[in-house]
>>> print(open('target.cif').read())   # mmCIF, C-alpha atoms and all ligand atoms
data_structure
loop_
_atom_site.label_atom_id
_atom_site.label_comp_id
_atom_site.auth_asym_id
_atom_site.auth_seq_id
_atom_site.Cartn_x
_atom_site.Cartn_y
_atom_site.Cartn_z
CA MET N 161 21.65 50.47 -29.92
CA THR N 162 18.12 51.68 -29.46
CA VAL N 163 16.65 55.09 -28.59
CA LEU N 164 13.24 55.17 -26.89
CA SER N 165 11.32 58.34 -27.74
CA ALA N 166 8.14 59.89 -26.43
CA ARG N 167 6.71 62.21 -29.06
CA ASP N 168 4.11 64.73 -27.94
CA LEU N 169 3.07 62.08 -25.40
CA VAL N 170 0.26 62.69 -22.91
CA ILE N 171 -0.35 59.78 -20.55
CA ASP N 172 -3.91 58.71 -19.84
CA ILE N 173 -4.76 59.22 -16.17
CA PRO N 174 -8.46 58.63 -15.39
CA GLY N 175 -10.17 61.88 -14.35
CA ARG N 176 -7.19 64.11 -15.23
CA SER N 177 -7.90 66.55 -18.04
CA GLY N 178 -4.54 68.28 -18.48
CA GLY N 179 -1.01 67.03 -18.63
CA ALA N 180 2.29 67.95 -20.20
CA ALA N 181 3.04 66.69 -23.69
CA LEU N 182 6.31 64.83 -23.20
CA GLY N 183 9.05 64.99 -25.78
CA LEU N 184 11.77 62.67 -24.50
CA GLU N 185 14.69 60.83 -26.02
CA ILE N 186 16.04 58.09 -23.76
CA LYS N 187 19.40 57.24 -25.22
CA PRO N 188 21.98 54.47 -24.75
CA GLY N 189 24.22 55.24 -21.78
CA GLN N 190 21.64 57.40 -20.00
CA ILE N 191 20.03 56.64 -16.63
CA TRP N 192 16.71 58.42 -16.12
CA GLY N 193 14.92 58.74 -12.80
CA VAL N 194 11.21 59.65 -12.72
CA LEU N 195 10.32 61.42 -9.48
CA GLY N 196 6.96 62.58 -8.21
CA PRO N 197 4.44 62.13 -5.42
CA ASN N 198 2.10 59.16 -5.11
CA GLY N 199 -0.48 59.13 -7.88
CA ALA N 200 1.39 61.58 -10.16
CA GLY N 201 1.46 58.96 -12.92
CA LYS N 202 4.98 57.47 -12.82
CA THR N 203 3.82 53.86 -13.25
CA THR N 204 1.34 54.92 -15.92
CA LEU N 205 4.16 56.65 -17.80
CA LEU N 206 6.35 53.55 -17.56
CA HIS N 207 3.55 51.29 -18.81
CA THR N 208 2.80 53.72 -21.64
CA LEU N 209 6.46 53.74 -22.68
CA ALA N 210 6.42 49.93 -22.62
CA GLY N 211 3.39 49.85 -24.94
CA LEU N 212 1.18 48.25 -22.27
CA LYS N 213 -1.15 51.23 -21.98
CA PRO N 214 -2.32 53.50 -24.81
CA PRO N 215 -1.48 57.18 -24.42
CA ARG N 216 -4.17 59.86 -24.52
CA GLN N 217 -2.12 61.64 -27.16
CA GLY N 218 1.12 61.17 -29.06
CA GLN N 219 3.41 58.28 -29.79
CA VAL N 220 6.14 56.09 -28.36
CA GLN N 221 8.91 55.08 -30.75
CA LEU N 222 11.85 52.72 -30.63
CA ASP N 223 14.31 54.32 -33.00
CA THR N 224 11.99 55.38 -35.83
CA LEU N 225 9.36 52.66 -35.35
CA ASP N 226 6.03 53.15 -33.59
CA LEU N 227 5.95 50.77 -30.62
CA THR N 228 2.39 49.59 -31.40
CA ALA N 229 3.45 48.47 -34.88
CA MET N 230 6.21 46.18 -33.58
CA PRO N 231 5.71 42.42 -33.10
CA ARG N 232 5.80 41.60 -29.35
CA ARG N 233 8.84 39.33 -29.71
CA THR N 234 10.86 42.00 -31.54
CA LEU N 235 9.80 44.52 -28.91
CA ALA N 236 10.80 42.19 -26.05
CA ARG N 237 14.30 41.86 -27.50
CA LYS N 238 14.68 45.62 -27.41
CA LEU N 239 12.76 46.67 -24.31
CA GLY N 240 12.06 45.11 -20.91
CA LEU N 241 10.13 46.15 -17.81
CA VAL N 242 10.35 45.36 -14.11
CA PHE N 243 6.90 45.89 -12.63
CA GLN N 244 6.24 47.46 -9.24
CA GLU N 245 3.71 44.80 -8.27
CA ARG N 246 3.98 41.21 -9.42
CA GLN N 247 1.63 38.24 -9.23
CA ASP N 248 4.17 35.49 -8.57
CA SER N 249 1.57 32.79 -7.96
CA PHE N 250 2.81 30.56 -10.81
CA PRO N 251 4.85 27.82 -9.08
CA ALA N 252 8.23 28.43 -10.69
CA THR N 253 11.71 28.21 -9.22
CA VAL N 254 14.04 31.20 -9.16
CA LEU N 255 16.14 29.80 -12.05
CA GLU N 256 13.02 29.03 -14.13
CA THR N 257 11.82 32.58 -13.51
CA ALA N 258 15.11 34.14 -14.61
CA LEU N 259 15.03 31.93 -17.74
CA ILE N 260 11.73 33.54 -18.77
CA GLY N 261 14.00 36.44 -19.76
CA ARG N 262 15.37 34.26 -22.58
CA HIS N 263 11.94 33.56 -24.13
CA PRO N 264 12.03 36.48 -26.59
CA TRP N 265 15.32 35.05 -27.89
CA LEU N 266 14.09 31.47 -28.41
CA SER N 267 11.96 30.20 -31.28
CA LEU N 268 8.45 29.02 -30.42
CA TRP N 269 9.23 25.35 -29.59
CA GLN N 270 12.89 25.75 -28.67
CA SER N 271 13.86 25.00 -25.08
CA GLU N 272 16.61 26.84 -23.24
CA GLN N 273 20.17 25.96 -24.24
CA ALA N 274 23.31 25.86 -22.07
CA GLU N 275 24.09 29.47 -23.02
CA ASP N 276 20.63 30.61 -21.85
CA ILE N 277 21.15 28.86 -18.51
CA ARG N 278 24.62 30.38 -18.21
CA ARG N 279 23.16 33.87 -18.73
CA ALA N 280 20.41 33.32 -16.18
CA GLU N 281 22.87 31.96 -13.61
CA ALA N 282 25.23 34.90 -14.18
CA ALA N 283 22.34 37.35 -13.64
CA LEU N 284 21.25 35.59 -10.43
CA GLU N 285 24.86 35.72 -9.25
CA ALA N 286 25.08 39.47 -10.02
CA LEU N 287 21.95 40.05 -7.92
CA ASP N 288 23.17 37.89 -5.04
CA VAL N 289 20.40 35.28 -5.38
CA SER N 290 22.26 32.39 -7.04
CA ASP N 291 21.98 30.28 -3.87
CA LEU N 292 18.18 30.50 -4.20
CA GLY N 293 18.06 28.99 -7.73
CA THR N 294 16.01 25.91 -6.81
CA ARG N 295 13.64 27.71 -4.41
CA LEU N 296 10.06 28.40 -5.42
CA LEU N 297 9.51 32.10 -6.06
CA ASN N 298 6.54 32.32 -3.71
CA THR N 299 8.76 31.27 -0.79
CA LEU N 300 11.09 34.29 -1.17
CA SER N 301 11.13 37.51 0.82
CA GLY N 302 10.05 40.77 -0.85
CA GLY N 303 13.64 41.94 -1.39
CA GLU N 304 14.73 38.55 -2.76
CA ARG N 305 11.83 38.57 -5.22
CA GLN N 306 12.71 42.08 -6.31
CA ARG N 307 16.27 40.99 -7.04
CA VAL N 308 15.03 37.97 -9.01
CA ALA N 309 12.83 40.31 -11.09
CA ILE N 310 15.86 42.47 -11.91
CA ALA N 311 17.93 39.34 -12.66
CA THR N 312 15.18 38.26 -15.08
CA LEU N 313 15.45 41.59 -16.91
CA MET N 314 19.23 41.20 -16.93
CA THR N 315 18.81 37.73 -18.47
CA GLN N 316 16.49 39.24 -21.10
CA ASN N 317 19.22 41.78 -21.85
CA PRO N 318 17.20 44.30 -23.91
CA ASP N 319 18.61 47.66 -25.04
CA VAL N 320 16.08 49.68 -23.03
CA TRP N 321 15.41 48.86 -19.37
CA LEU N 322 12.25 50.24 -17.70
CA LEU N 323 12.07 49.68 -13.95
CA ASP N 324 9.31 50.65 -11.52
CA GLU N 325 10.94 51.41 -8.16
CA PRO N 326 13.74 48.82 -8.54
CA THR N 327 15.05 49.45 -5.03
CA ASN N 328 11.65 48.79 -3.43
CA HIS N 329 11.97 46.22 -0.57
CA LEU N 330 15.78 46.25 -0.79
CA ASP N 331 18.09 46.78 2.18
CA LEU N 332 20.69 49.54 1.90
CA HIS N 333 23.49 47.29 0.64
CA HIS N 334 21.29 45.80 -2.08
CA GLN N 335 19.92 49.23 -3.08
CA VAL N 336 23.50 50.31 -3.76
CA GLN N 337 24.29 47.02 -5.48
CA VAL N 338 21.31 47.44 -7.86
CA MET N 339 22.15 51.07 -8.64
CA ARG N 340 25.78 50.11 -9.34
CA LEU N 341 24.62 47.30 -11.59
CA LEU N 342 22.32 49.64 -13.52
CA SER N 343 25.17 52.11 -13.79
CA ALA N 344 27.45 49.38 -15.19
CA CYS N 345 24.71 48.44 -17.70
CA SER N 346 24.42 52.06 -18.84
CA ARG N 347 28.18 52.07 -19.46
CA ARG N 348 27.55 49.09 -21.76
CA ASN N 349 25.14 51.36 -23.68
CA LYS N 350 21.87 50.24 -22.16
CA ALA N 351 19.24 52.98 -21.74
CA ILE N 352 17.74 52.94 -18.24
CA PHE N 353 14.46 54.64 -17.25
CA MET N 354 13.13 54.07 -13.73
CA CYS N 355 10.66 55.41 -11.21
CA LEU N 356 12.23 56.24 -7.87
CA HIS N 357 11.12 57.63 -4.53
CA ASP N 358 14.64 58.04 -3.17
CA LEU N 359 16.06 61.47 -4.04
CA ASN N 360 19.53 60.49 -2.88
CA LEU N 361 19.75 57.46 -5.15
CA ALA N 362 18.54 59.64 -8.04
CA ALA N 363 21.07 62.38 -7.22
CA ARG N 364 23.92 59.92 -7.11
CA TRP N 365 23.20 57.58 -10.01
CA CYS N 366 20.84 59.21 -12.52
CA SER N 367 22.17 61.22 -15.44
CA HIS N 368 18.70 62.67 -16.15
CA VAL N 369 15.53 63.18 -14.15
CA LEU N 370 11.91 63.82 -15.00
CA LEU N 371 9.79 65.54 -12.38
CA LEU N 372 6.13 64.56 -12.67
CA TYR N 373 3.53 66.69 -10.85
CA PRO N 374 0.10 65.58 -9.60
CA ASP N 375 -1.66 67.77 -12.20
CA GLY N 376 0.27 66.09 -15.02
CA GLN N 377 2.76 68.91 -15.56
CA ALA N 378 6.36 67.76 -15.99
CA CYS N 379 9.87 69.00 -16.55
CA TRP N 380 12.99 67.08 -17.36
CA GLY N 381 16.71 67.46 -18.02
CA SER N 382 20.12 66.66 -16.60
CA THR N 383 20.16 65.65 -12.93
CA GLU N 384 22.52 68.46 -12.06
CA VAL N 385 20.11 71.09 -13.37
CA MET N 386 16.80 69.51 -12.35
CA LEU N 387 17.52 68.11 -8.90
CA VAL N 388 17.53 71.30 -6.86
CA ARG N 389 15.92 71.90 -3.48
CA ASP N 390 13.32 74.49 -4.59
CA ALA N 391 12.00 72.30 -7.39
CA LEU N 392 11.84 69.22 -5.15
CA GLU N 393 10.08 71.12 -2.36
CA GLY N 394 7.45 72.22 -4.89
CA LEU N 395 7.16 68.70 -6.28
CA TYR N 396 6.54 66.98 -2.96
CA GLY N 397 5.11 69.85 -0.87
CA GLN N 398 7.82 69.09 1.66
CA LYS N 399 10.56 71.34 3.03
CA LEU N 400 14.01 69.88 2.47
CA ILE N 401 17.60 70.32 3.61
CA GLU N 402 20.23 70.04 0.88
CA LEU N 403 23.75 68.94 1.84
CA HIS N 404 26.92 68.58 -0.20
CA LYS N 405 29.70 66.18 0.70
CA ASP N 406 32.57 65.80 -1.76
CA ASP N 407 30.77 65.26 -5.09
CA ILE N 408 27.64 63.86 -3.46
CA ARG N 409 24.39 65.81 -3.11
CA LEU N 410 22.03 64.72 -0.33
CA PHE N 411 18.46 65.68 0.53
CA ALA N 412 16.72 65.18 3.85
CA PRO N 413 13.29 66.32 5.06
CA ALA N 414 13.41 69.48 7.20
CA SER N 415 11.88 69.16 10.63
CA ASP N 416 9.43 72.10 10.26
N1 LIG T 1 -7.66 51.74 -13.56
C1 LIG T 1 -7.69 52.90 -12.94
N2 LIG T 1 -8.85 53.50 -12.62
C2 LIG T 1 -8.88 54.71 -11.99
N3 LIG T 1 -7.77 55.38 -11.64
C3 LIG T 1 -6.58 54.81 -11.95
C4 LIG T 1 -6.47 53.56 -12.61
N4 LIG T 1 -5.16 53.28 -12.75
C5 LIG T 1 -4.47 54.29 -12.20
N5 LIG T 1 -5.34 55.22 -11.72
C6 LIG T 1 -4.97 56.47 -11.05
O1 LIG T 1 -4.01 57.14 -11.84
C7 LIG T 1 -3.13 57.88 -11.00
C8 LIG T 1 -1.69 57.57 -11.38
O2 LIG T 1 -1.35 56.24 -10.96
P1 LIG T 1 0.14 55.72 -11.02
O3 LIG T 1 0.13 54.32 -10.49
O4 LIG T 1 0.66 55.92 -12.39
O5 LIG T 1 0.87 56.71 -10.01
P2 LIG T 1 2.35 56.68 -9.45
O6 LIG T 1 2.94 58.04 -9.67
O7 LIG T 1 3.11 55.54 -10.00
O8 LIG T 1 2.09 56.47 -7.88
P3 LIG T 1 2.93 55.75 -6.72
O9 LIG T 1 4.08 56.67 -6.35
O10 LIG T 1 1.95 55.65 -5.60
O11 LIG T 1 3.39 54.40 -7.20
C9 LIG T 1 -3.48 57.52 -9.56
O12 LIG T 1 -4.23 58.56 -9.00
C10 LIG T 1 -4.29 56.25 -9.70
O13 LIG T 1 -5.24 56.13 -8.65
#
>>> encode(input="target.cif", output="structure tokens")
Amino acid sequence: MTVLSARDLVIDIPGRSGGAALGLEIKPGQIWGVLGPNGAGKTTLLHTLAGLKPPRQGQVQLDTLDLTAMPRRTLARKLGLVFQERQDSFPATVLETALIGRHPWLSLWQSEQAEDIRRAEAALEALDVSDLGTRLLNTLSGGERQRVAIATLMTQNPDVWLLDEPTNHLDLHHQVQVMRLLSACSRRNKAIFMCLHDLNLAARWCSHVLLLYPDGQACWGSTEVMLVRDALEGLYGQKLIELHKDDIRLFAPASD
């Protein structure tokens, strides 16, 4: 199992001079939620952790290895990313798209085997899109595409899952389905790190949260400690109501 670490990491946001140096260890079994207002740098952090964007300072490591020193194929077996925005213009079917997740596991000229197809079909089934297998991706709705993207990551089956707003475009039932699926994956020792805008999903399903402020400052820790009304009001500049029902903590915007 793999640990993703940020060591003294400052993300590179154009025009921002400061920024917290992040020292994070994202471990198997943990679910991290990154919260912050628009433009705080959540996507930039995710892309930096995936090795797609160089940091301004510091290092990202998978176990003890520097991410930039790893061959892309090795990296893709260990770490996968669901992007917030996707260019799905390539005319591929849903099943072909999910099978892209197997590419890091195939040799250069090897085509997908029955086991690869079985994995892709199981992932599409888990995301409720198996009946769309032969449809072209560019004919799907936003929520269907989002679920195919998550199914593709599930087919890839890396140790570390990075997801940029995975519940974006999803209806309530499918938001819950995706969070439950990520929770089940964490119980199978996957490490999950995702950007979220929904405080209630974070409160219910994340074990850890990182609060990212517009000036680059950040704090992080267990959800129970970090996700408190005062801190969230400061983060978003929005008054909140905090409610408790059984073991569930809920936040709603206050009317004033
Ligand atoms: N190529 C670029 N040139 C200039 N500014 C950029 C560039 N890429 C990102 N930025 C800026 O960096 C900041 C952080 O962007 P980022 O997408 O990481 O924010 P975010 O927290 O994910 O926002 P959101 O909640 O809206 O998705 C934003 O102010 C954005 O405009």
>>> closest_atom_pairs(input="target.cif", of="chain N", to="ligand LIG 1 (chain T)", cutoff="7 Å", atoms="all atoms listed in the file", output="Markdown table")
| residue | atom | partner | partner_atom | distance |
| --- | --- | --- | --- | --- |
| N:Ile173 | CA | T:LIG1 | O1 | 4.9 |
| N:Pro174 | CA | T:LIG1 | N3 | 5.0 |
| N:Gly196 | CA | T:LIG1 | O6 | 6.2 |
| N:Pro197 | CA | T:LIG1 | O9 | 5.6 |
| N:Asn198 | CA | T:LIG1 | O9 | 3.4 |
| N:Gly199 | CA | T:LIG1 | O5 | 3.5 |
| N:Ala200 | CA | T:LIG1 | O6 | 3.9 |
| N:Gly201 | CA | T:LIG1 | O4 | 3.2 |
| N:Lys202 | CA | T:LIG1 | O6 | 3.8 |
| N:Thr203 | CA | T:LIG1 | O7 | 3.7 |
| N:Thr204 | CA | T:LIG1 | O4 | 3.7 |
| N:Leu205 | CA | T:LIG1 | O4 | 6.5 |
>>> atom_distance(input="target.cif", atom1="atom CA of Ser415 of chain N", atom2="atom CA of Leu330 of chain N")
25.9 Å
>>> closest_residue(input="target.cif", among="N:Leu225, N:Leu259, N:Met161, N:Ala414", to="Ala351 of chain N", atoms="only C-alpha atoms")
N:Met161
>>> atom_distance(input="target.cif", atom1="atom CA of Thr383 of chain N", atom2="atom CA of His404 of chain N")
14.7 Å
>>> closest_residue(input="target.cif", among="N:Leu410, N:Val369, N:Ile352, N:Leu241", to="Gly189 of chain N", atoms="all atoms listed in the file")
N:Ile352
>>> atom_distance(input="target.cif", atom1="atom CA of Thr312 of chain N", atom2="atom CA of Gly261 of chain N")
5.2 Å
>>> residues_around(input="target.cif", residues="Cys379 of chain N", least_positions_apart="5", cutoff="10 Å", atoms="all atoms listed in the file", output="count of residues only")
9
>>> axis_aligned_box(input="target.cif", around="segment 318-337 of chain N", padding_each_side="4 Å", output="lines of an AutoDock Vina configuration file")
center_x = 16.8
center_y = 47.9
center_z = -11.4
size_x = 23.0
size_y = 15.1
size_z = 35.2
>>> build_atoms(input="target.cif", residues="segment 213-242 of chain N", atoms="N, CA and C atoms", output="short mmCIF file (atom, residue, chain, number, x, y, z; two decimals), in the frame of the given file")
data_model
loop_
_atom_site.label_atom_id
_atom_site.label_comp_id
_atom_site.auth_asym_id
_atom_site.auth_seq_id
_atom_site.Cartn_x
_atom_site.Cartn_y
_atom_site.Cartn_z
N LYS N 213 0.00 50.36 -22.24
CA LYS N 213 -1.15 51.23 -21.98
C LYS N 213 -1.17 52.30 -23.08
N PRO N 214 -2.30 52.48 -23.76
CA PRO N 214 -2.32 53.50 -24.81
C PRO N 214 -2.25 54.91 -24.24
N PRO N 215 -1.52 55.79 -24.90
CA PRO N 215 -1.48 57.18 -24.42
C PRO N 215 -2.78 57.90 -24.78
N ARG N 216 -3.02 59.03 -24.13
CA ARG N 216 -4.17 59.86 -24.52
C ARG N 216 -3.83 60.59 -25.82
N GLN N 217 -2.57 60.88 -25.97
CA GLN N 217 -2.12 61.64 -27.16
C GLN N 217 -0.67 61.28 -27.44
N GLY N 218 -0.28 61.32 -28.69
CA GLY N 218 1.12 61.17 -29.06
C GLY N 218 1.54 59.73 -29.28
N GLN N 219 2.83 59.54 -29.30
CA GLN N 219 3.41 58.28 -29.79
C GLN N 219 4.65 57.89 -28.98
N VAL N 220 4.88 56.58 -28.90
CA VAL N 220 6.14 56.09 -28.36
C VAL N 220 6.87 55.38 -29.50
N GLN N 221 8.14 55.70 -29.67
CA GLN N 221 8.91 55.08 -30.75
C GLN N 221 10.18 54.42 -30.22
N LEU N 222 10.53 53.31 -30.85
CA LEU N 222 11.85 52.72 -30.63
C LEU N 222 12.62 52.99 -31.91
N ASP N 223 13.66 53.76 -31.81
CA ASP N 223 14.31 54.32 -33.00
C ASP N 223 13.23 55.03 -33.82
N THR N 224 13.00 54.64 -35.06
CA THR N 224 11.99 55.38 -35.83
C THR N 224 10.67 54.63 -35.93
N LEU N 225 10.57 53.49 -35.22
CA LEU N 225 9.36 52.66 -35.35
C LEU N 225 8.37 52.91 -34.22
N ASP N 226 7.10 53.03 -34.58
CA ASP N 226 6.03 53.15 -33.59
C ASP N 226 5.96 51.83 -32.81
N LEU N 227 5.96 51.95 -31.48
CA LEU N 227 5.95 50.77 -30.62
C LEU N 227 4.78 49.83 -30.93
N THR N 228 3.60 50.41 -31.20
CA THR N 228 2.39 49.59 -31.40
C THR N 228 2.46 48.79 -32.69
N ALA N 229 3.36 49.19 -33.60
CA ALA N 229 3.45 48.47 -34.88
C ALA N 229 4.47 47.34 -34.81
N MET N 230 5.15 47.19 -33.66
CA MET N 230 6.21 46.18 -33.58
C MET N 230 5.67 44.85 -33.07
N PRO N 231 6.09 43.73 -33.66
CA PRO N 231 5.71 42.42 -33.10
C PRO N 231 6.23 42.31 -31.66
N ARG N 232 5.44 41.66 -30.77
CA ARG N 232 5.80 41.60 -29.35
C ARG N 232 7.19 41.01 -29.12
N ARG N 233 7.53 39.97 -29.92
CA ARG N 233 8.84 39.33 -29.71
C ARG N 233 9.99 40.28 -30.05
N THR N 234 9.84 41.01 -31.14
CA THR N 234 10.86 42.00 -31.54
C THR N 234 10.98 43.05 -30.44
N LEU N 235 9.81 43.50 -29.95
CA LEU N 235 9.80 44.52 -28.91
C LEU N 235 10.51 44.01 -27.65
N ALA N 236 10.23 42.74 -27.29
CA ALA N 236 10.80 42.19 -26.05
C ALA N 236 12.31 41.97 -26.15
N ARG N 237 12.83 41.93 -27.36
CA ARG N 237 14.30 41.86 -27.50
C ARG N 237 14.94 43.22 -27.29
N LYS N 238 14.13 44.26 -27.49
CA LYS N 238 14.68 45.62 -27.41
C LYS N 238 14.36 46.32 -26.09
N LEU N 239 13.23 45.92 -25.48
CA LEU N 239 12.76 46.67 -24.31
C LEU N 239 12.21 45.71 -23.27
N GLY N 240 12.57 45.96 -21.99
CA GLY N 240 12.06 45.11 -20.91
C GLY N 240 11.61 45.96 -19.74
N LEU N 241 10.74 45.40 -18.91
CA LEU N 241 10.13 46.15 -17.81
C LEU N 241 10.12 45.33 -16.53
N VAL N 242 10.55 45.94 -15.44
CA VAL N 242 10.35 45.36 -14.11
C VAL N 242 9.16 46.08 -13.47
#
